[in-house]
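Text of work16.txt, listed as compact mmCIF, C-alpha atoms and all ligand atoms:
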# COMPACT_ATOMS: atom_id res chain seq x y z
CA MET W 40 9.90 -9.54 -3.10
CA ASN W 41 12.35 -7.48 -5.13
CA ARG W 42 11.80 -3.84 -4.13
CA PRO W 43 8.66 -3.34 -6.20
CA VAL W 44 7.25 -0.13 -7.61
CA ILE W 45 3.55 -0.64 -7.01
CA ILE W 46 1.36 1.40 -9.36
CA ALA W 47 -1.76 2.83 -7.69
CA MET W 48 -4.51 2.22 -10.26
CA ASP W 49 -6.78 5.03 -9.13
CA PHE W 50 -9.05 5.07 -12.18
CA GLU W 51 -12.80 5.46 -12.50
CA ASN W 52 -13.38 2.21 -14.34
CA ARG W 53 -11.79 -0.79 -16.02
CA GLN W 54 -11.78 0.82 -19.47
CA GLU W 55 -9.68 3.79 -18.29
CA ALA W 56 -7.38 1.53 -16.29
CA GLU W 57 -6.78 -0.82 -19.20
CA ARG W 58 -6.20 2.10 -21.59
CA PHE W 59 -3.40 3.16 -19.23
CA LEU W 60 -1.99 -0.39 -19.20
CA THR W 61 -1.62 -0.42 -23.00
CA SER W 62 1.49 1.79 -22.51
CA PHE W 63 3.15 -1.20 -20.81
CA SER W 64 2.52 -3.68 -23.66
CA GLY W 65 2.23 -6.96 -21.82
CA GLU W 66 4.77 -6.24 -19.03
CA SER W 67 3.96 -7.90 -15.68
CA LEU W 68 3.36 -5.15 -13.14
CA PHE W 69 2.49 -4.80 -9.46
CA LEU W 70 -0.89 -3.05 -9.49
CA LYS W 71 -2.67 -1.54 -6.51
CA VAL W 72 -6.44 -1.73 -6.81
CA GLY W 73 -8.04 0.68 -4.38
CA MET W 74 -11.58 1.44 -3.30
CA GLU W 75 -12.57 3.47 -6.38
CA LEU W 76 -11.81 0.79 -8.95
CA PHE W 77 -12.79 -2.16 -6.76
CA TYR W 78 -16.19 -0.70 -5.87
CA LYS W 79 -16.85 -0.16 -9.58
CA GLU W 80 -15.47 -3.39 -11.04
CA GLY W 81 -15.36 -5.92 -8.20
CA PRO W 82 -13.39 -9.17 -7.84
CA SER W 83 -13.58 -10.13 -11.54
CA LEU W 84 -11.13 -7.36 -12.44
CA VAL W 85 -8.69 -8.56 -9.78
CA ARG W 86 -8.97 -12.17 -10.98
CA ASP W 87 -8.53 -11.17 -14.63
CA TRP W 88 -5.40 -9.09 -13.93
CA LYS W 89 -3.96 -11.93 -11.86
CA ARG W 90 -4.59 -14.29 -14.77
CA GLU W 91 -2.76 -11.85 -17.07
CA GLY W 92 0.32 -12.15 -14.83
CA HIS W 93 0.15 -8.99 -12.72
CA ARG W 94 0.66 -8.99 -8.97
CA ILE W 95 -2.23 -7.37 -7.13
CA PHE W 96 -2.25 -5.24 -4.00
CA LEU W 97 -5.92 -4.95 -3.00
CA ASP W 98 -5.96 -1.83 -0.84
CA LEU W 99 -9.36 -1.74 0.87
CA LYS W 100 -8.03 -0.67 4.30
CA LEU W 101 -10.38 -2.80 6.39
CA HIS W 102 -11.44 -1.09 9.62
CA ASP W 103 -14.41 -2.42 11.62
CA ILE W 104 -15.13 -4.65 14.59
CA PRO W 105 -12.97 -7.82 14.65
CA ASN W 106 -15.76 -10.22 13.60
CA THR W 107 -16.71 -8.11 10.57
CA VAL W 108 -13.08 -7.68 9.50
CA LYS W 109 -12.43 -11.41 9.85
CA ARG W 110 -15.41 -12.26 7.65
CA ALA W 111 -14.47 -9.63 5.06
CA ALA W 112 -10.86 -10.84 5.00
CA ARG W 113 -12.06 -14.42 4.50
CA GLN W 114 -13.93 -13.32 1.34
CA LEU W 115 -11.03 -11.17 0.13
CA ALA W 116 -8.57 -14.05 0.44
CA THR W 117 -10.51 -16.02 -2.18
CA PHE W 118 -9.49 -13.48 -4.88
CA GLY W 119 -5.87 -14.69 -4.73
CA VAL W 120 -4.37 -11.23 -4.17
CA ASP W 121 -0.70 -10.75 -3.26
CA MET W 122 -1.09 -7.98 -0.71
CA THR W 123 -3.86 -6.30 1.26
CA THR W 124 -4.43 -3.67 3.98
CA VAL W 125 -6.19 -3.03 7.26
CA HIS W 126 -6.12 0.10 9.43
CA ALA W 127 -3.89 -0.27 12.50
CA ALA W 128 -6.28 2.11 14.29
CA GLY W 129 -8.69 -0.85 14.52
CA GLY W 130 -6.43 -2.35 17.19
CA VAL W 131 -4.54 -5.60 17.76
CA LYS W 132 -7.63 -7.84 18.01
CA MET W 133 -9.02 -6.48 14.78
CA MET W 134 -5.73 -6.98 12.94
CA ALA W 135 -5.37 -10.53 14.31
CA ALA W 136 -8.94 -11.24 13.19
CA ALA W 137 -8.01 -10.07 9.69
CA MET W 138 -5.13 -12.56 9.64
CA GLU W 139 -7.44 -15.37 10.79
CA GLY W 140 -9.90 -14.52 8.05
CA LEU W 141 -7.17 -14.44 5.41
CA LYS W 142 -5.86 -17.83 6.54
CA GLU W 143 -9.34 -19.35 6.47
CA GLY W 144 -10.16 -17.95 3.04
CA THR W 145 -6.93 -18.67 1.22
CA THR W 146 -7.45 -21.56 -1.15
CA THR W 147 -4.03 -21.72 -2.81
CA GLY W 148 -1.95 -21.81 0.38
CA ASP W 149 -0.35 -18.49 -0.61
CA LEU W 150 -1.33 -16.09 2.16
CA PRO W 151 -1.45 -12.47 0.95
CA ILE W 152 1.00 -10.09 2.59
CA CYS W 153 -1.13 -8.14 5.06
CA VAL W 154 0.06 -4.66 6.01
CA ALA W 155 -1.50 -2.15 8.42
CA VAL W 156 -1.91 1.52 7.62
CA THR W 157 -0.24 3.36 10.51
CA GLN W 158 -0.98 7.02 9.77
CA LEU W 159 -2.07 7.99 6.26
CA THR W 160 0.60 9.84 4.31
CA SER W 161 -1.97 12.62 3.86
CA THR W 162 -1.77 13.25 7.63
CA SER W 163 0.65 15.85 8.99
CA GLU W 164 1.98 16.02 12.55
CA GLU W 165 -0.20 19.07 13.21
CA MET W 166 -3.37 17.45 11.83
CA MET W 167 -2.77 14.29 13.85
CA LYS W 168 -2.53 16.27 17.08
CA GLU W 169 -5.23 18.85 16.48
CA GLU W 170 -7.85 16.99 14.44
CA LEU W 171 -7.28 13.36 15.34
CA TYR W 172 -6.46 14.32 18.93
CA ILE W 173 -3.50 11.95 19.22
CA ALA W 174 -1.15 13.43 21.81
CA HIS W 175 2.04 11.57 20.84
CA SER W 176 4.44 12.52 18.07
CA LEU W 177 3.64 11.23 14.61
CA GLU W 178 6.76 9.09 14.55
CA ASP W 179 6.06 7.52 17.98
CA THR W 180 2.48 6.83 16.95
CA VAL W 181 3.53 5.18 13.70
CA VAL W 182 6.12 2.99 15.49
CA HIS W 183 3.58 2.09 18.21
CA TYR W 184 1.00 1.07 15.59
CA ALA W 185 3.69 -0.91 13.76
CA ASN W 186 4.49 -2.79 16.99
CA ASN W 187 0.78 -3.53 17.39
CA ALA W 188 0.67 -4.84 13.82
CA LYS W 189 3.63 -7.13 14.55
CA ARG W 190 1.94 -8.42 17.73
CA ALA W 191 -1.19 -9.17 15.68
CA GLY W 192 0.87 -11.31 13.28
CA LEU W 193 0.85 -8.97 10.27
CA HIS W 194 3.71 -8.89 7.78
CA GLY W 195 4.31 -5.15 7.83
CA VAL W 196 2.87 -1.68 7.58
CA VAL W 197 2.00 1.17 5.27
CA CYS W 198 3.81 4.32 6.37
CA SER W 199 5.79 7.18 4.91
CA ALA W 200 9.37 6.28 3.95
CA LEU W 201 10.28 8.94 6.53
CA GLU W 202 9.34 6.43 9.24
CA ALA W 203 10.68 3.25 7.61
CA GLY W 204 14.07 3.37 9.33
CA HIS W 205 12.62 3.73 12.83
CA ILE W 206 10.22 0.88 12.22
CA LYS W 207 13.10 -1.36 11.10
CA GLU W 208 15.07 -0.37 14.22
CA GLN W 209 12.27 -0.59 16.75
CA VAL W 210 10.02 -3.36 15.44
CA SER W 211 12.17 -5.67 13.32
CA PRO W 212 14.57 -5.24 10.37
CA SER W 213 12.44 -7.71 8.40
CA PHE W 214 9.11 -5.99 9.10
CA TYR W 215 7.87 -5.00 5.64
CA THR W 216 7.40 -1.28 4.94
CA VAL W 217 5.19 -0.21 2.05
CA THR W 218 5.53 3.50 1.40
CA PRO W 219 3.17 5.73 -0.60
CA GLY W 220 3.57 9.53 -0.73
CA ILE W 221 6.24 9.23 -3.43
CA ARG W 222 6.90 12.23 -5.66
CA LEU W 223 9.61 13.23 -8.12
CA GLN W 224 11.27 16.54 -7.22
CA SER W 225 9.23 18.47 -9.77
CA ASP W 226 5.82 16.94 -8.96
CA SER W 227 2.96 18.55 -7.07
CA HIS W 228 2.31 17.10 -3.60
CA ASP W 229 -1.47 17.12 -4.20
CA ASP W 230 -3.20 15.93 -1.00
CA GLN W 231 -0.10 14.15 0.35
CA GLN W 232 1.73 15.58 3.40
CA ARG W 233 4.60 13.19 4.13
CA VAL W 234 6.30 13.02 0.75
CA VAL W 235 9.69 11.73 -0.40
CA THR W 236 11.42 11.04 -3.72
CA PRO W 237 12.15 7.45 -4.84
CA VAL W 238 15.88 8.02 -4.19
CA LYS W 239 15.17 9.19 -0.64
CA ALA W 240 12.76 6.28 -0.03
CA LYS W 241 15.57 3.92 -1.01
CA SER W 242 18.08 5.57 1.31
CA LEU W 243 15.56 5.54 4.17
CA GLY W 244 15.16 1.77 3.85
CA SER W 245 11.60 1.26 2.64
CA ASP W 246 10.84 -2.10 1.01
CA ALA W 247 8.22 -1.13 -1.58
CA ILE W 248 7.02 2.18 -2.98
CA VAL W 249 3.47 2.96 -4.09
CA VAL W 250 3.17 5.51 -6.87
CA GLY W 251 -0.07 6.76 -8.39
CA ARG W 252 -0.44 10.15 -10.02
CA SER W 253 3.27 10.65 -10.79
CA ILE W 254 2.85 7.75 -13.23
CA THR W 255 -0.86 7.64 -14.07
CA THR W 256 -1.18 11.33 -15.02
CA ALA W 257 2.24 11.64 -16.69
CA ASP W 258 2.35 12.55 -20.39
CA ASP W 259 4.38 9.37 -20.92
CA PRO W 260 3.41 6.91 -18.13
CA LYS W 261 5.90 4.25 -19.20
CA ALA W 262 8.79 6.75 -19.16
CA ALA W 263 7.69 8.03 -15.73
CA TYR W 264 7.53 4.44 -14.43
CA GLU W 265 11.00 3.62 -15.77
CA LYS W 266 12.48 6.82 -14.30
CA ILE W 267 10.98 6.08 -10.89
CA LYS W 268 12.08 2.44 -11.05
CA THR W 269 15.66 3.47 -11.91
CA GLU W 270 15.79 6.06 -9.10
CA TRP W 271 14.33 3.57 -6.65
CA ARG W 272 16.35 0.50 -7.53
CA GLY W 273 19.38 1.98 -9.23
CA LYS W 274 20.32 0.73 -12.71
CA GLU W 275 19.70 -3.05 -13.12
O1 LIG D 301 -1.06 6.22 3.83
C1 LIG D 301 -1.44 5.96 2.68
C2 LIG D 301 -2.07 4.79 2.34
C3 LIG D 301 -2.43 4.56 1.03
N1 LIG D 301 -2.18 5.48 0.08
C4 LIG D 301 -2.57 5.15 -1.31
O2 LIG D 301 -1.44 5.22 -2.18
C5 LIG D 301 -1.78 5.85 -3.38
C6 LIG D 301 -0.92 7.08 -3.57
O3 LIG D 301 -1.29 7.77 -4.74
P1 LIG D 301 -0.49 9.05 -5.27
O4 LIG D 301 -1.29 9.45 -6.47
O5 LIG D 301 0.90 8.59 -5.61
O6 LIG D 301 -0.51 10.10 -4.21
C7 LIG D 301 -3.27 6.12 -3.37
O7 LIG D 301 -3.93 5.06 -4.02
C8 LIG D 301 -3.63 6.09 -1.89
O8 LIG D 301 -4.91 5.56 -1.66
C9 LIG D 301 -1.58 6.65 0.40
O9 LIG D 301 -1.35 7.53 -0.45
N2 LIG D 301 -1.19 6.85 1.69
Written as structure tokens, that's how I'd like the structure from this file.
Amino acid sequence: MNRPVIIAMDFENRQEAERFLTSFSGESLFLKVGMELFYKEGPSLVRDWKREGHRIFLDLKLHDIPNTVKRAARQLATFGVDMTTVHAAGGVKMMAAAMEGLKEGTTTGDLPICVAVTQLTSTSEEMMKEELYIAHSLEDTVVHYANNAKRAGLHGVVCSALEAGHIKEQVSPSFYTVTPGIRLQSDSHDDQQRVVTPVKAKSLGSDAIVVGRSITTADDPKAAYEKIKTEWRGKE
């Protein structure tokens, strides 16, 4: 996969999302459908966007007992998505169950890339220790969860680009790192804590960036997307 910029389609409904897509006039994009849009529009939206030539990252962050996650993953695999998520906090058995479910449900033979959320990019070191009561450093925790994800047979993790290099070093250079929390220098951080620019994400070695509001709320979304893509990939 060629260093994608994945656009987080955090819209209230299909109409708003598709109004946004008109700025891209038929271009094939990598679109992340999260809980808000999926709970409103369901699998038909995902199938339609796939048919239109977009790649789909269905980001539902499964987190439950292994049997429930396996059964949910089996259903999810039938949508033909390109990438999906579970929470690493569910443990190795839960993540392995998700992989089993995806394998059972995949009808085309193309298994979606499954990545585990290590620590949300809205979590700070302080919050992790004081609220979540995790006694290790944020970086050690992220790397530990990434190792668990590898043991469970997942393809990679969701983390901040700040941790991508350590994951490559300590888990595997080919372990896929998907990194949200991307902001241009001038942007507000909003609710994100571990934030980097596209240029920095590139230098830190992340494989894919996820960008929502910096594109979706920009005055000119297409221009914002192109600027981010150029910073992230360099001129093509
Ligand atoms: O740790 C995580 C995991 C997922 N996300 C998702 O990425 C986008 C980021 O949106 P921005 O508007 O660019 O902040 C959003 O859909 C999150 O659900 C994340 O941010 N951090």
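Here the question is which of W:Trp271, W:Tyr264, W:Tyr215, W:Phe59 gets nearest to Ala240 in chain W using all atoms listed in the file, and that residue is W:Trp271.
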Exercise. What do you get as a ChimeraX atom specification if you pick all residues at most 9 Å from ligand LIG 301 (chain D), counting all atoms listed in the file?
Worked result: /W:46-49,71-74,98-100,124,156-162,197-199,217-222,228-231,233-234,249-256
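When CA of Leu150 in chain W is paired with CA of His194 in chain W, their separation reads 10.4 Å.
Interatomic distance, CA of Tyr184 in chain W against CA of Ile267 in chain W: 28.7 Å.
Shortest atom-to-atom contact with Val131 in chain W among W:Ile248, W:Ala116, W:Val196, W:Ala188: W:Ala188, counting only C-alpha atoms.
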Met167 in chain W environment, 12 Å, all atoms listed in the file, sequence neighbours closer than 2 positions dropped, as a PDB file with C-alpha atoms, keeping the file's coordinate frame:
ATOM      1  CA  THR W 157      -0.240   3.360  10.510  1.00  0.00           C
ATOM      2  CA  GLN W 158      -0.980   7.020   9.770  1.00  0.00           C
ATOM      3  CA  LEU W 159      -2.070   7.990   6.260  1.00  0.00           C
ATOM      4  CA  THR W 160       0.600   9.840   4.310  1.00  0.00           C
ATOM      5  CA  SER W 161      -1.970  12.620   3.860  1.00  0.00           C
ATOM      6  CA  THR W 162      -1.770  13.250   7.630  1.00  0.00           C
ATOM      7  CA  SER W 163       0.650  15.850   8.990  1.00  0.00           C
ATOM      8  CA  GLU W 164       1.980  16.020  12.550  1.00  0.00           C
ATOM      9  CA  GLU W 165      -0.200  19.070  13.210  1.00  0.00           C
ATOM     10  CA  GLU W 169      -5.230  18.850  16.480  1.00  0.00           C
ATOM     11  CA  GLU W 170      -7.850  16.990  14.440  1.00  0.00           C
ATOM     12  CA  LEU W 171      -7.280  13.360  15.340  1.00  0.00           C
ATOM     13  CA  TYR W 172      -6.460  14.320  18.930  1.00  0.00           C
ATOM     14  CA  ILE W 173      -3.500  11.950  19.220  1.00  0.00           C
ATOM     15  CA  ALA W 174      -1.150  13.430  21.810  1.00  0.00           C
ATOM     16  CA  HIS W 175       2.040  11.570  20.840  1.00  0.00           C
ATOM     17  CA  SER W 176       4.440  12.520  18.070  1.00  0.00           C
ATOM     18  CA  LEU W 177       3.640  11.230  14.610  1.00  0.00           C
ATOM     19  CA  GLU W 178       6.760   9.090  14.550  1.00  0.00           C
ATOM     20  CA  ASP W 179       6.060   7.520  17.980  1.00  0.00           C
ATOM     21  CA  THR W 180       2.480   6.830  16.950  1.00  0.00           C
ATOM     22  CA  VAL W 181       3.530   5.180  13.700  1.00  0.00           C
ATOM     23  CA  GLN W 232       1.730  15.580   3.400  1.00  0.00           C
TER      24      GLN W 232
END
As lines of an AutoDock Vina configuration file, what would the box around range 54-64 of chain W look like: edges along x, y and z, 4 Å added on every side, centre and edge lengths in Å to one decimal?
center_x = -4.3
center_y = 0.1
center_z = -20.0
size_x = 22.9
size_y = 15.5
size_z = 15.4
For this session: Pull the neighbourhood of (-10.7, -13.7, -11.2) for me: all residues within 12 Å in file coordinates, counting only C-alpha atoms, as a PyMOL selection string.
Result: chain W and resi 80-93+95+115-120
Problem set entry | Atom pair CA of Ala185 in chain W / CA of Pro212 in chain W: separation (Å) | 12.2 Å
